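Enquirer: Structure file query.pdb, PDB, C-alpha atoms, is pasted below:
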```
ATOM      1  CA  MET A   1       0.891  29.225 -28.837
ATOM      2  CA  PRO A   2       3.437  28.037 -31.442
ATOM      3  CA  VAL A   3       3.641  24.270 -31.905
ATOM      4  CA  SER A   4       7.373  24.207 -31.047
ATOM      5  CA  ARG A   5       6.779  26.020 -27.760
ATOM      6  CA  SER A   6       3.872  23.699 -26.875
ATOM      7  CA  TYR A   7       6.002  20.650 -27.703
ATOM      8  CA  GLY A   8       8.848  22.013 -25.590
ATOM      9  CA  SER A   9       6.512  22.533 -22.632
ATOM     10  CA  VAL A  10       5.154  18.986 -22.878
ATOM     11  CA  THR A  11       8.691  17.582 -23.133
ATOM     12  CA  LYS A  12       9.828  19.538 -20.070
ATOM     13  CA  ASN A  13       6.788  18.398 -18.068
ATOM     14  CA  LEU A  14       7.484  14.787 -19.053
ATOM     15  CA  GLN A  15      11.142  15.144 -18.039
ATOM     16  CA  GLU A  16      10.112  16.580 -14.680
ATOM     17  CA  THR A  17       7.609  13.773 -14.088
ATOM     18  CA  ILE A  18      10.182  11.097 -14.924
ATOM     19  CA  CYS A  19      12.775  12.816 -12.731
ATOM     20  CA  ARG A  20      10.354  12.968  -9.785
ATOM     21  CA  LEU A  21       9.546   9.272 -10.181
ATOM     22  CA  VAL A  22      13.253   8.366 -10.320
ATOM     23  CA  ILE A  23      13.858  10.405  -7.136
ATOM     24  CA  LEU A  24      10.846   8.712  -5.551
ATOM     25  CA  PHE A  25      12.188   5.260  -6.434
ATOM     26  CA  CYS A  26      15.590   6.141  -4.927
ATOM     27  CA  GLY A  27      13.866   7.304  -1.737
ATOM     28  CA  LEU A  28      11.720   4.169  -1.733
ATOM     29  CA  THR A  29      14.828   1.991  -2.011
ATOM     30  CA  ILE A  30      16.509   3.840   0.866
ATOM     31  CA  ALA A  31      13.363   3.598   2.995
ATOM     32  CA  HIS A  32      13.049  -0.142   2.411
ATOM     33  CA  LEU A  33      16.667  -0.711   3.330
ATOM     34  CA  GLY A  34      15.638   0.784   6.671
ATOM     35  CA  VAL A  35      12.564  -1.469   6.822
ATOM     36  CA  THR A  36      14.779  -4.510   6.106
ATOM     37  CA  LEU A  37      17.139  -3.647   8.974
ATOM     38  CA  PHE A  38      14.080  -3.132  11.172
ATOM     39  CA  LEU A  39      12.770  -6.588  10.229
ATOM     40  CA  LEU A  40      16.160  -8.268  10.666
ATOM     41  CA  ALA A  41      16.330  -6.969  14.230
ATOM     42  CA  ASN A  42      13.223  -9.074  14.892
ATOM     43  CA  LEU A  43      11.943  -6.935  17.766
ATOM     44  CA  GLY A  44       8.372  -6.506  16.567
ATOM     45  CA  ALA A  45       6.590  -5.441  13.397
ATOM     46  CA  ASP A  46       6.348  -1.822  12.266
ATOM     47  CA  PRO A  47       3.137  -0.007  13.367
ATOM     48  CA  PHE A  48       1.237  -0.402  10.091
ATOM     49  CA  ASN A  49       1.966  -4.138   9.962
ATOM     50  CA  VAL A  50       0.764  -4.571  13.546
ATOM     51  CA  PHE A  51      -2.507  -3.097  12.278
ATOM     52  CA  VAL A  52      -2.457  -5.516   9.323
ATOM     53  CA  GLN A  53      -1.680  -8.414  11.688
ATOM     54  CA  GLY A  54      -4.716  -7.491  13.781
ATOM     55  CA  LEU A  55      -6.985  -7.393  10.749
ATOM     56  CA  HIS A  56      -5.483 -10.680   9.516
ATOM     57  CA  PHE A  57      -6.242 -12.278  12.884
ATOM     58  CA  LEU A  58      -9.802 -10.899  12.679
ATOM     59  CA  THR A  59     -10.341 -12.347   9.187
ATOM     60  CA  GLY A  60      -9.212 -15.736  10.504
ATOM     61  CA  MET A  61     -11.660 -15.487  13.399
ATOM     62  CA  ILE A  62     -14.574 -14.958  11.011
ATOM     63  CA  GLY A  63     -13.500 -17.830   8.778
ATOM     64  CA  LEU A  64     -11.767 -16.031   5.895
ATOM     65  CA  ASN A  65      -8.649 -17.924   4.804
ATOM     66  CA  ILE A  66      -6.504 -15.128   3.343
ATOM     67  CA  THR A  67      -2.818 -14.307   3.767
ATOM     68  CA  HIS A  68      -1.184 -11.420   5.616
ATOM     69  CA  GLY A  69       0.039 -10.048   2.288
ATOM     70  CA  THR A  70      -3.481 -10.094   0.864
ATOM     71  CA  VAL A  71      -4.799  -8.155   3.852
ATOM     72  CA  HIS A  72      -1.945  -5.645   3.452
ATOM     73  CA  MET A  73      -2.797  -5.164  -0.236
ATOM     74  CA  CYS A  74      -6.528  -4.811   0.466
ATOM     75  CA  ILE A  75      -5.957  -2.166   3.165
ATOM     76  CA  SER A  76      -3.617  -0.291   0.820
ATOM     77  CA  PHE A  77      -6.259  -0.300  -1.915
ATOM     78  CA  LEU A  78      -8.916   0.788   0.609
ATOM     79  CA  ILE A  79      -6.765   3.755   1.690
ATOM     80  CA  ILE A  80      -6.294   4.734  -1.964
ATOM     81  CA  LEU A  81     -10.039   4.385  -2.604
ATOM     82  CA  ILE A  82     -10.898   6.606   0.382
ATOM     83  CA  LEU A  83      -8.393   9.236  -0.730
ATOM     84  CA  LEU A  84      -9.899   9.253  -4.217
ATOM     85  CA  PHE A  85     -13.004  10.709  -2.566
ATOM     86  CA  VAL A  86     -11.112  12.975  -0.117
ATOM     87  CA  ASP A  87      -8.628  14.482  -2.592
ATOM     88  CA  ARG A  88      -7.635  12.501  -5.653
ATOM     89  CA  SER A  89      -4.614  14.761  -6.292
ATOM     90  CA  TYR A  90      -2.742  12.739  -3.647
ATOM     91  CA  ILE A  91      -3.023   9.558  -5.730
ATOM     92  CA  LYS A  92      -0.205   9.610  -8.283
ATOM     93  CA  ALA A  93       1.849   7.149 -10.296
ATOM     94  CA  GLY A  94       4.368   6.935  -7.464
ATOM     95  CA  THR A  95       1.665   5.665  -5.100
ATOM     96  CA  ILE A  96       1.255   2.588  -7.273
ATOM     97  CA  ILE A  97       5.044   2.253  -7.623
ATOM     98  CA  CYS A  98       5.393   2.285  -3.825
ATOM     99  CA  MET A  99       2.687  -0.328  -3.397
ATOM    100  CA  VAL A 100       3.974  -2.666  -6.120
ATOM    101  CA  CYS A 101       7.756  -2.296  -5.657
ATOM    102  CA  GLY A 102       8.053  -2.160  -1.847
ATOM    103  CA  GLY A 103       7.814  -5.911  -1.278
ATOM    104  CA  PRO A 104      10.322  -6.957  -3.976
ATOM    105  CA  ILE A 105      12.830  -4.325  -2.743
ATOM    106  CA  ILE A 106      12.627  -5.733   0.790
ATOM    107  CA  ASP A 107      12.993  -9.293  -0.579
ATOM    108  CA  LEU A 108      16.151  -8.198  -2.433
ATOM    109  CA  PHE A 109      17.687  -6.587   0.652
ATOM    110  CA  MET A 110      16.720  -9.619   2.753
ATOM    111  CA  TRP A 111      18.595 -11.844   0.287
ATOM    112  CA  VAL A 112      21.654  -9.552   0.275
ATOM    113  CA  LEU A 113      21.765  -9.361   4.075
ATOM    114  CA  LYS A 114      20.757 -12.972   4.768
ATOM    115  CA  ASP A 115      24.201 -13.937   6.086
ATOM    116  CA  PHE A 116      24.108 -11.307   8.834
ATOM    117  CA  ALA A 117      22.762 -13.181  11.868
ATOM    118  CA  ILE A 118      21.118 -10.108  13.388
ATOM    119  CA  GLY A 119      18.011 -11.965  14.489
ATOM    120  CA  SER A 120      20.012 -14.310  16.715
ATOM    121  CA  ALA A 121      22.210 -11.546  18.187
ATOM    122  CA  GLY A 122      21.726  -9.936  21.571
ATOM    123  CA  LEU A 123      19.825  -6.727  22.312
ATOM    124  CA  SER A 124      23.106  -4.779  22.311
ATOM    125  CA  ILE A 125      23.260  -5.479  18.544
ATOM    126  CA  LYS A 126      19.550  -5.638  17.726
ATOM    127  CA  ILE A 127      18.497  -2.276  19.164
ATOM    128  CA  PRO A 128      21.225  -0.208  17.394
ATOM    129  CA  VAL A 129      20.390  -2.009  14.120
ATOM    130  CA  LEU A 130      16.696  -1.302  14.646
ATOM    131  CA  ILE A 131      17.322   2.385  15.441
ATOM    132  CA  LEU A 132      19.583   2.670  12.382
ATOM    133  CA  GLY A 133      16.798   1.075  10.321
ATOM    134  CA  CYS A 134      14.271   3.613  11.638
ATOM    135  CA  ILE A 135      16.589   6.518  10.789
ATOM    136  CA  ILE A 136      17.232   5.210   7.254
ATOM    137  CA  LEU A 137      13.501   4.566   6.833
ATOM    138  CA  ALA A 138      12.668   8.135   7.916
ATOM    139  CA  PHE A 139      15.221   9.649   5.529
ATOM    140  CA  GLY A 140      14.037   7.582   2.551
ATOM    141  CA  MET A 141      10.415   8.364   3.382
ATOM    142  CA  THR A 142      11.072  12.128   3.338
ATOM    143  CA  ILE A 143      12.743  11.820  -0.084
ATOM    144  CA  VAL A 144       9.631  10.000  -1.340
ATOM    145  CA  ILE A 145       7.314  12.654   0.104
ATOM    146  CA  ARG A 146       9.342  15.607  -1.208
ATOM    147  CA  SER A 147       9.560  14.059  -4.684
ATOM    148  CA  GLU A 148       5.826  14.818  -4.990
ATOM    149  CA  GLY A 149       5.560  11.851  -7.328
ATOM    150  CA  GLY A 150       3.323   9.914  -4.956
ATOM    151  CA  THR A 151       3.602   8.246  -1.548
ATOM    152  CA  GLY A 152       3.069   4.784  -0.114
ATOM    153  CA  PRO A 153      -0.589   4.187   0.887
ATOM    154  CA  ASN A 154       0.122   3.925   4.632
ATOM    155  CA  ASP A 155       2.339   7.040   4.604
ATOM    156  CA  LEU A 156      -0.382   8.945   2.740
ATOM    157  CA  VAL A 157      -2.609   8.845   5.820
ATOM    158  CA  ALA A 158      -0.127  10.996   7.776
ATOM    159  CA  VAL A 159       0.676  13.176   4.740
ATOM    160  CA  VAL A 160      -2.968  14.030   4.034
ATOM    161  CA  ILE A 161      -3.867  14.679   7.691
ATOM    162  CA  SER A 162      -0.802  16.885   8.242
ATOM    163  CA  GLU A 163      -1.332  18.923   5.067
ATOM    164  CA  LYS A 164      -5.111  19.251   5.355
ATOM    165  CA  GLY A 165      -4.947  20.118   9.047
ATOM    166  CA  GLY A 166      -1.793  22.242   8.916
ATOM    167  CA  PHE A 167       0.003  20.019  11.448
ATOM    168  CA  ARG A 168       3.677  19.077  11.590
ATOM    169  CA  PHE A 169       4.246  15.855   9.677
ATOM    170  CA  GLY A 170       6.365  14.269  12.421
ATOM    171  CA  LEU A 171       3.749  14.650  15.152
ATOM    172  CA  THR A 172       0.996  13.500  12.794
ATOM    173  CA  ARG A 173       3.060  10.445  11.879
ATOM    174  CA  VAL A 174       3.599   9.563  15.558
ATOM    175  CA  ILE A 175      -0.140   9.853  16.254
ATOM    176  CA  THR A 176      -1.194   7.787  13.217
ATOM    177  CA  ASP A 177       1.456   5.143  14.003
ATOM    178  CA  GLY A 178       0.203   5.052  17.585
ATOM    179  CA  LEU A 179      -3.363   4.499  16.373
ATOM    180  CA  PHE A 180      -2.245   1.740  13.997
ATOM    181  CA  VAL A 181      -0.465   0.008  16.896
ATOM    182  CA  LEU A 182      -3.363   0.418  19.341
ATOM    183  CA  ILE A 183      -6.072  -0.800  16.955
ATOM    184  CA  GLY A 184      -3.887  -3.612  15.631
ATOM    185  CA  PHE A 185      -2.991  -4.792  19.143
ATOM    186  CA  LEU A 186      -6.644  -4.721  20.263
ATOM    187  CA  LEU A 187      -7.562  -6.834  17.229
ATOM    188  CA  GLY A 188      -4.851  -9.409  17.991
ATOM    189  CA  GLY A 189      -1.709  -8.053  16.352
ATOM    190  CA  LYS A 190       1.673  -8.660  17.983
ATOM    191  CA  LEU A 191       4.066  -5.915  18.964
ATOM    192  CA  GLY A 192       7.491  -5.653  20.535
ATOM    193  CA  ILE A 193       9.973  -3.063  21.718
ATOM    194  CA  GLY A 194      10.860  -2.380  18.081
ATOM    195  CA  THR A 195       7.249  -1.446  17.332
ATOM    196  CA  ILE A 196       7.254   1.139  20.126
ATOM    197  CA  ILE A 197      10.638   2.569  19.097
ATOM    198  CA  CYS A 198       9.492   2.834  15.481
ATOM    199  CA  ALA A 199       6.162   4.454  16.391
ATOM    200  CA  PHE A 200       7.839   7.233  18.397
ATOM    201  CA  LEU A 201      11.090   7.653  16.468
ATOM    202  CA  VAL A 202      10.312   7.681  12.735
ATOM    203  CA  GLY A 203       7.979  10.691  12.733
ATOM    204  CA  PHE A 204      10.312  13.005  14.636
ATOM    205  CA  VAL A 205      13.383  11.893  12.667
ATOM    206  CA  ALA A 206      11.405  12.518   9.453
ATOM    207  CA  ASP A 207      10.746  16.090  10.659
ATOM    208  CA  PHE A 208      14.510  16.545  11.074
ATOM    209  CA  PHE A 209      15.272  15.223   7.574
ATOM    210  CA  MET A 210      12.396  16.949   5.743
ATOM    211  CA  PRO A 211      14.156  20.284   4.944
ATOM    212  CA  TYR A 212      17.329  18.467   3.824
ATOM    213  CA  SER A 213      15.310  16.125   1.601
ATOM    214  CA  ASP A 214      13.471  19.118   0.177
ATOM    215  CA  ARG A 215      16.784  20.705  -0.850
ATOM    216  CA  ILE A 216      18.055  17.414  -2.318
ATOM    217  CA  VAL A 217      14.938  17.012  -4.471
ATOM    218  CA  LYS A 218      14.882  20.638  -5.646
ATOM    219  CA  SER A 219      18.604  20.565  -6.448
ATOM    220  CA  SER A 220      18.178  17.329  -8.435
ATOM    221  CA  LEU A 221      15.261  18.770 -10.400
ATOM    222  CA  ARG A 222      17.180  21.975 -11.186
ATOM    223  CA  HIS A 223      20.176  19.947 -12.380
ATOM    224  CA  VAL A 224      18.045  17.802 -14.731
ATOM    225  CA  LEU A 225      15.754  20.581 -16.020
ATOM    226  CA  LYS A 226      18.264  23.407 -16.436
TER     227      LYS A 226
END
```
Rewrite the structure of this file - the entire thing - as structure tokens.
Expert:
Amino acid sequence: MPVSRSYGSVTKNLQETICRLVILFCGLTIAHLGVTLFLLANLGADPFNVFVQGLHFLTGMIGLNITHGTVHMCISFLIILILLFVDRSYIKAGTIICMVCGGPIIDLFMWVLKDFAIGSAGLSIKIPVLILGCIILAFGMTIVIRSEGGTGPNDLVAVVISEKGGFRFGLTRVITDGLFVLIGFLLGGKLGIGTIICAFLVGFVADFFMPYSDRIVKSSLRHVLK
């Protein structure tokens, strides 16, 4: 193969990788805007964090003095470690980006939206905000998944099970969220009406958005790589 052609191929692959990561970051930002609205509604933690809460409560019971955030990070790393043995192709640069950038993005949105007194509002305000947050979260999550640049550690559980088993992502997401909630609650995690809405809504809304997100990602890649 001529050197110029080989160089051109490497350059194109690098451009595609960068483009996928940029798309992933945009999806991640959208998804975490949804998470922020969900949190501001203050009607219960999302399913994965109920699971983390339960494990955090358990660590306290056995005398380990570690924070909720530390437990969250450890579980994320454990999921990545397990997947390295199951199928390491699922662990990509975007997985690390999701894990490292998610918290700061939420902190930024929390600061921007701090003057909106959603938490002290009535249910007639809280529930629509929470549902809107779930919808935005689902849309951003599908952009992240379709970017194929990597996925957040907790989302990877549903992605791997759905792809390996040939199941619809939405149903798989509902089942995995349900298991996170059940195990977390049994271990001492706290849940609310928002947790239940999120567990049953996000997966099916993600199924609705998935083909649209697929077209958005493919169109963006064609535009950049043409």
Enquirer: Quick one, how far is CA of Ser89 (chain A) from CA of Cys74 (chain A)?
Expert: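 Going from CA of Ser89 (chain A) over to CA of Cys74 (chain A) covers 20.8 Å.
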Enquirer: Looking at all atoms listed in the file, which of A:Leu182, A:Met210, A:Ile197, A:Ile75 is the one that sits closest to Asn154 (chain A)?
Expert: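 Checking each candidate against Asn154 (chain A), we get A:Ile75 as the closest.
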Enquirer: Considering all atoms listed in the file, state which residue in the set A:Ile18, A:Ala206, A:Val144, A:Gly34 is at the smallest distance from Ile131 (chain A).
Expert: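 For Ile131 (chain A), the nearest of the candidates is A:Gly34.
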Enquirer: Could you work out how far CA of Val22 (chain A) lies from CA of Ile80 (chain A), giving the answer in Å with one decimal?
Expert: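 If I compute the distance from CA of Ile80 (chain A) to CA of Val22 (chain A), I get 21.6 Å.
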Enquirer: Write out as a list of chain:residue names which residues come within 8 Å of Ile118 (chain A) when counting all atoms listed in the file, dropping same-chain ones fewer than 6 positions away.
Expert: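 Near neighbours after the sequence-gap exclusion: A:Leu40, A:Ala41, A:Ile125, A:Lys126.
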Enquirer: For CA of Gly69 (chain A) and CA of Asp115 (chain A), quote the distance in Å rounded to one decimal.
Expert: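 Computing it gives 24.8 Å between the two atoms.
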Enquirer: Extract, using all atoms listed in the file, all DNA, RNA and protein residues at most 10 Å from Asn65 (chain A), discarding same-chain residues fewer than 5 positions from it, and format them as a PyMOL selection string.
Expert: chain A and resi 56+59-60
Enquirer: Would you translate the PyMOL selection byres ((chain A and resi 28) around 8) into the concrete set of residues it matches in this file, as a PDB file with C-alpha atoms, keeping the file's coordinate frame?
Expert:
```
ATOM      1  CA  LEU A  24      10.846   8.712  -5.551  1.00  0.00           C
ATOM      2  CA  PHE A  25      12.188   5.260  -6.434  1.00  0.00           C
ATOM      3  CA  CYS A  26      15.590   6.141  -4.927  1.00  0.00           C
ATOM      4  CA  GLY A  27      13.866   7.304  -1.737  1.00  0.00           C
ATOM      5  CA  THR A  29      14.828   1.991  -2.011  1.00  0.00           C
ATOM      6  CA  ILE A  30      16.509   3.840   0.866  1.00  0.00           C
ATOM      7  CA  ALA A  31      13.363   3.598   2.995  1.00  0.00           C
ATOM      8  CA  HIS A  32      13.049  -0.142   2.411  1.00  0.00           C
ATOM      9  CA  CYS A  98       5.393   2.285  -3.825  1.00  0.00           C
ATOM     10  CA  GLY A 102       8.053  -2.160  -1.847  1.00  0.00           C
ATOM     11  CA  GLY A 140      14.037   7.582   2.551  1.00  0.00           C
ATOM     12  CA  MET A 141      10.415   8.364   3.382  1.00  0.00           C
ATOM     13  CA  ILE A 143      12.743  11.820  -0.084  1.00  0.00           C
ATOM     14  CA  VAL A 144       9.631  10.000  -1.340  1.00  0.00           C
TER      15      VAL A 144
END
```
Enquirer: Neighbouring residues of Asp107 (chain A) were defined as those with any atom within 12 Å, considering only C-alpha atoms; residues of the same chain fewer than 2 positions away were excluded. Please report them as a list in words.
Expert: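 My list of contacting residues is Thr29, His32, Leu33, Val35, Thr36, Leu37, Leu39, Leu40, Cys101, Gly102, Gly103, Pro104, Ile105, Phe109, Met110, Trp111, Val112, Leu113 and Lys114 of chain A.
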Enquirer: For the structure provided, state which residues fall under the PyMOL selection byres ((chain A and resi 127) around 10), and present them as a count of residues only.
Expert: 18
Enquirer: Quick one: of A:Val157, A:Val202, A:Met61, A:Ile216, who's nearest to Phe180 (chain A), counting only C-alpha atoms?
Expert: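 Counting only C-alpha atoms, the residue closest to Phe180 (chain A) is A:Val157.
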Enquirer: If you apply the PyMOL selection byres ((chain A and resi 188) around 8) to this file, what residues do you get, as a PyMOL selection string?
Expert: chain A and resi 53-55+57-58+184-187+189-190
Enquirer: Got a moment to write region 88-110 of chain A out with N, CA, C and O atoms, as a PDB file, in the first residue's frame?
Expert:
```pdb
ATOM      1  N   ARG A  88     -14.220  -6.970  25.771  1.00  0.00           N
ATOM      2  CA  ARG A  88     -13.508  -5.708  25.977  1.00  0.00           C
ATOM      3  C   ARG A  88     -13.779  -4.675  24.890  1.00  0.00           C
ATOM      4  O   ARG A  88     -13.452  -3.500  25.054  1.00  0.00           O
ATOM      5  N   SER A  89     -14.396  -5.097  23.772  1.00  0.00           N
ATOM      6  CA  SER A  89     -14.686  -4.138  22.693  1.00  0.00           C
ATOM      7  C   SER A  89     -15.701  -3.083  23.125  1.00  0.00           C
ATOM      8  O   SER A  89     -15.816  -2.033  22.501  1.00  0.00           O
ATOM      9  N   TYR A  90     -16.451  -3.363  24.204  1.00  0.00           N
ATOM     10  CA  TYR A  90     -17.433  -2.395  24.696  1.00  0.00           C
ATOM     11  C   TYR A  90     -16.771  -1.264  25.484  1.00  0.00           C
ATOM     12  O   TYR A  90     -17.387  -0.223  25.700  1.00  0.00           O
ATOM     13  N   ILE A  91     -15.549  -1.472  25.943  1.00  0.00           N
ATOM     14  CA  ILE A  91     -14.860  -0.462  26.740  1.00  0.00           C
ATOM     15  C   ILE A  91     -14.043   0.418  25.794  1.00  0.00           C
ATOM     16  O   ILE A  91     -13.033  -0.020  25.230  1.00  0.00           O
ATOM     17  N   LYS A  92     -14.492   1.660  25.628  1.00  0.00           N
ATOM     18  CA  LYS A  92     -13.836   2.583  24.704  1.00  0.00           C
ATOM     19  C   LYS A  92     -13.510   3.883  25.424  1.00  0.00           C
ATOM     20  O   LYS A  92     -13.856   4.068  26.600  1.00  0.00           O
ATOM     21  N   ALA A  93     -12.859   4.782  24.694  1.00  0.00           N
ATOM     22  CA  ALA A  93     -12.471   6.065  25.293  1.00  0.00           C
ATOM     23  C   ALA A  93     -13.679   6.805  25.850  1.00  0.00           C
ATOM     24  O   ALA A  93     -13.609   7.447  26.902  1.00  0.00           O
ATOM     25  N   GLY A  94     -14.806   6.710  25.147  1.00  0.00           N
ATOM     26  CA  GLY A  94     -16.012   7.403  25.585  1.00  0.00           C
ATOM     27  C   GLY A  94     -16.542   6.909  26.916  1.00  0.00           C
ATOM     28  O   GLY A  94     -17.210   7.653  27.644  1.00  0.00           O
ATOM     29  N   THR A  95     -16.262   5.641  27.252  1.00  0.00           N
ATOM     30  CA  THR A  95     -16.683   5.101  28.544  1.00  0.00           C
ATOM     31  C   THR A  95     -16.017   5.880  29.674  1.00  0.00           C
ATOM     32  O   THR A  95     -16.658   6.234  30.668  1.00  0.00           O
ATOM     33  N   ILE A  96     -14.736   6.135  29.508  1.00  0.00           N
ATOM     34  CA  ILE A  96     -13.995   6.905  30.515  1.00  0.00           C
ATOM     35  C   ILE A  96     -14.475   8.353  30.529  1.00  0.00           C
ATOM     36  O   ILE A  96     -14.623   8.957  31.604  1.00  0.00           O
ATOM     37  N   ILE A  97     -14.744   8.917  29.348  1.00  0.00           N
ATOM     38  CA  ILE A  97     -15.256  10.286  29.261  1.00  0.00           C
ATOM     39  C   ILE A  97     -16.579  10.400  30.023  1.00  0.00           C
ATOM     40  O   ILE A  97     -16.796  11.346  30.789  1.00  0.00           O
ATOM     41  N   CYS A  98     -17.458   9.428  29.817  1.00  0.00           N
ATOM     42  CA  CYS A  98     -18.759   9.435  30.507  1.00  0.00           C
ATOM     43  C   CYS A  98     -18.575   9.380  32.012  1.00  0.00           C
ATOM     44  O   CYS A  98     -19.255  10.098  32.768  1.00  0.00           O
ATOM     45  N   MET A  99     -17.659   8.545  32.462  1.00  0.00           N
ATOM     46  CA  MET A  99     -17.463   8.357  33.897  1.00  0.00           C
ATOM     47  C   MET A  99     -16.836   9.592  34.540  1.00  0.00           C
ATOM     48  O   MET A  99     -17.203   9.989  35.645  1.00  0.00           O
ATOM     49  N   VAL A 100     -15.896  10.219  33.834  1.00  0.00           N
ATOM     50  CA  VAL A 100     -15.166  11.358  34.403  1.00  0.00           C
ATOM     51  C   VAL A 100     -15.950  12.669  34.272  1.00  0.00           C
ATOM     52  O   VAL A 100     -15.935  13.502  35.186  1.00  0.00           O
ATOM     53  N   CYS A 101     -16.650  12.850  33.153  1.00  0.00           N
ATOM     54  CA  CYS A 101     -17.277  14.150  32.853  1.00  0.00           C
ATOM     55  C   CYS A 101     -18.714  14.276  33.361  1.00  0.00           C
ATOM     56  O   CYS A 101     -19.223  15.396  33.465  1.00  0.00           O
ATOM     57  N   GLY A 102     -19.377  13.150  33.640  1.00  0.00           N
ATOM     58  CA  GLY A 102     -20.788  13.202  34.034  1.00  0.00           C
ATOM     59  C   GLY A 102     -21.048  14.089  35.237  1.00  0.00           C
ATOM     60  O   GLY A 102     -21.916  14.972  35.211  1.00  0.00           O
ATOM     61  N   GLY A 103     -20.279  13.882  36.306  1.00  0.00           N
ATOM     62  CA  GLY A 103     -20.459  14.664  37.528  1.00  0.00           C
ATOM     63  C   GLY A 103     -20.278  16.155  37.329  1.00  0.00           C
ATOM     64  O   GLY A 103     -21.146  16.956  37.716  1.00  0.00           O
ATOM     65  N   PRO A 104     -19.163  16.598  36.725  1.00  0.00           N
ATOM     66  CA  PRO A 104     -18.961  18.032  36.489  1.00  0.00           C
ATOM     67  C   PRO A 104     -20.048  18.659  35.618  1.00  0.00           C
ATOM     68  O   PRO A 104     -20.421  19.821  35.835  1.00  0.00           O
ATOM     69  N   ILE A 105     -20.571  17.909  34.616  1.00  0.00           N
ATOM     70  CA  ILE A 105     -21.640  18.448  33.770  1.00  0.00           C
ATOM     71  C   ILE A 105     -22.901  18.699  34.604  1.00  0.00           C
ATOM     72  O   ILE A 105     -23.547  19.746  34.481  1.00  0.00           O
ATOM     73  N   ILE A 106     -23.225  17.752  35.474  1.00  0.00           N
ATOM     74  CA  ILE A 106     -24.392  17.924  36.350  1.00  0.00           C
ATOM     75  C   ILE A 106     -24.177  19.112  37.285  1.00  0.00           C
ATOM     76  O   ILE A 106     -25.086  19.924  37.500  1.00  0.00           O
ATOM     77  N   ASP A 107     -22.968  19.224  37.845  1.00  0.00           N
ATOM     78  CA  ASP A 107     -22.655  20.362  38.740  1.00  0.00           C
ATOM     79  C   ASP A 107     -22.860  21.691  38.005  1.00  0.00           C
ATOM     80  O   ASP A 107     -23.389  22.656  38.578  1.00  0.00           O
ATOM     81  N   LEU A 108     -22.435  21.748  36.736  1.00  0.00           N
ATOM     82  CA  LEU A 108     -22.595  22.972  35.948  1.00  0.00           C
ATOM     83  C   LEU A 108     -24.067  23.301  35.752  1.00  0.00           C
ATOM     84  O   LEU A 108     -24.497  24.451  35.968  1.00  0.00           O
ATOM     85  N   PHE A 109     -24.862  22.301  35.352  1.00  0.00           N
ATOM     86  CA  PHE A 109     -26.289  22.539  35.145  1.00  0.00           C
ATOM     87  C   PHE A 109     -26.988  22.899  36.458  1.00  0.00           C
ATOM     88  O   PHE A 109     -27.909  23.722  36.479  1.00  0.00           O
ATOM     89  N   MET A 110     -26.566  22.272  37.550  1.00  0.00           N
ATOM     90  CA  MET A 110     -27.135  22.601  38.862  1.00  0.00           C
ATOM     91  C   MET A 110     -26.887  24.069  39.199  1.00  0.00           C
ATOM     92  O   MET A 110     -27.755  24.752  39.729  1.00  0.00           O
TER      93      MET A 110
END
```
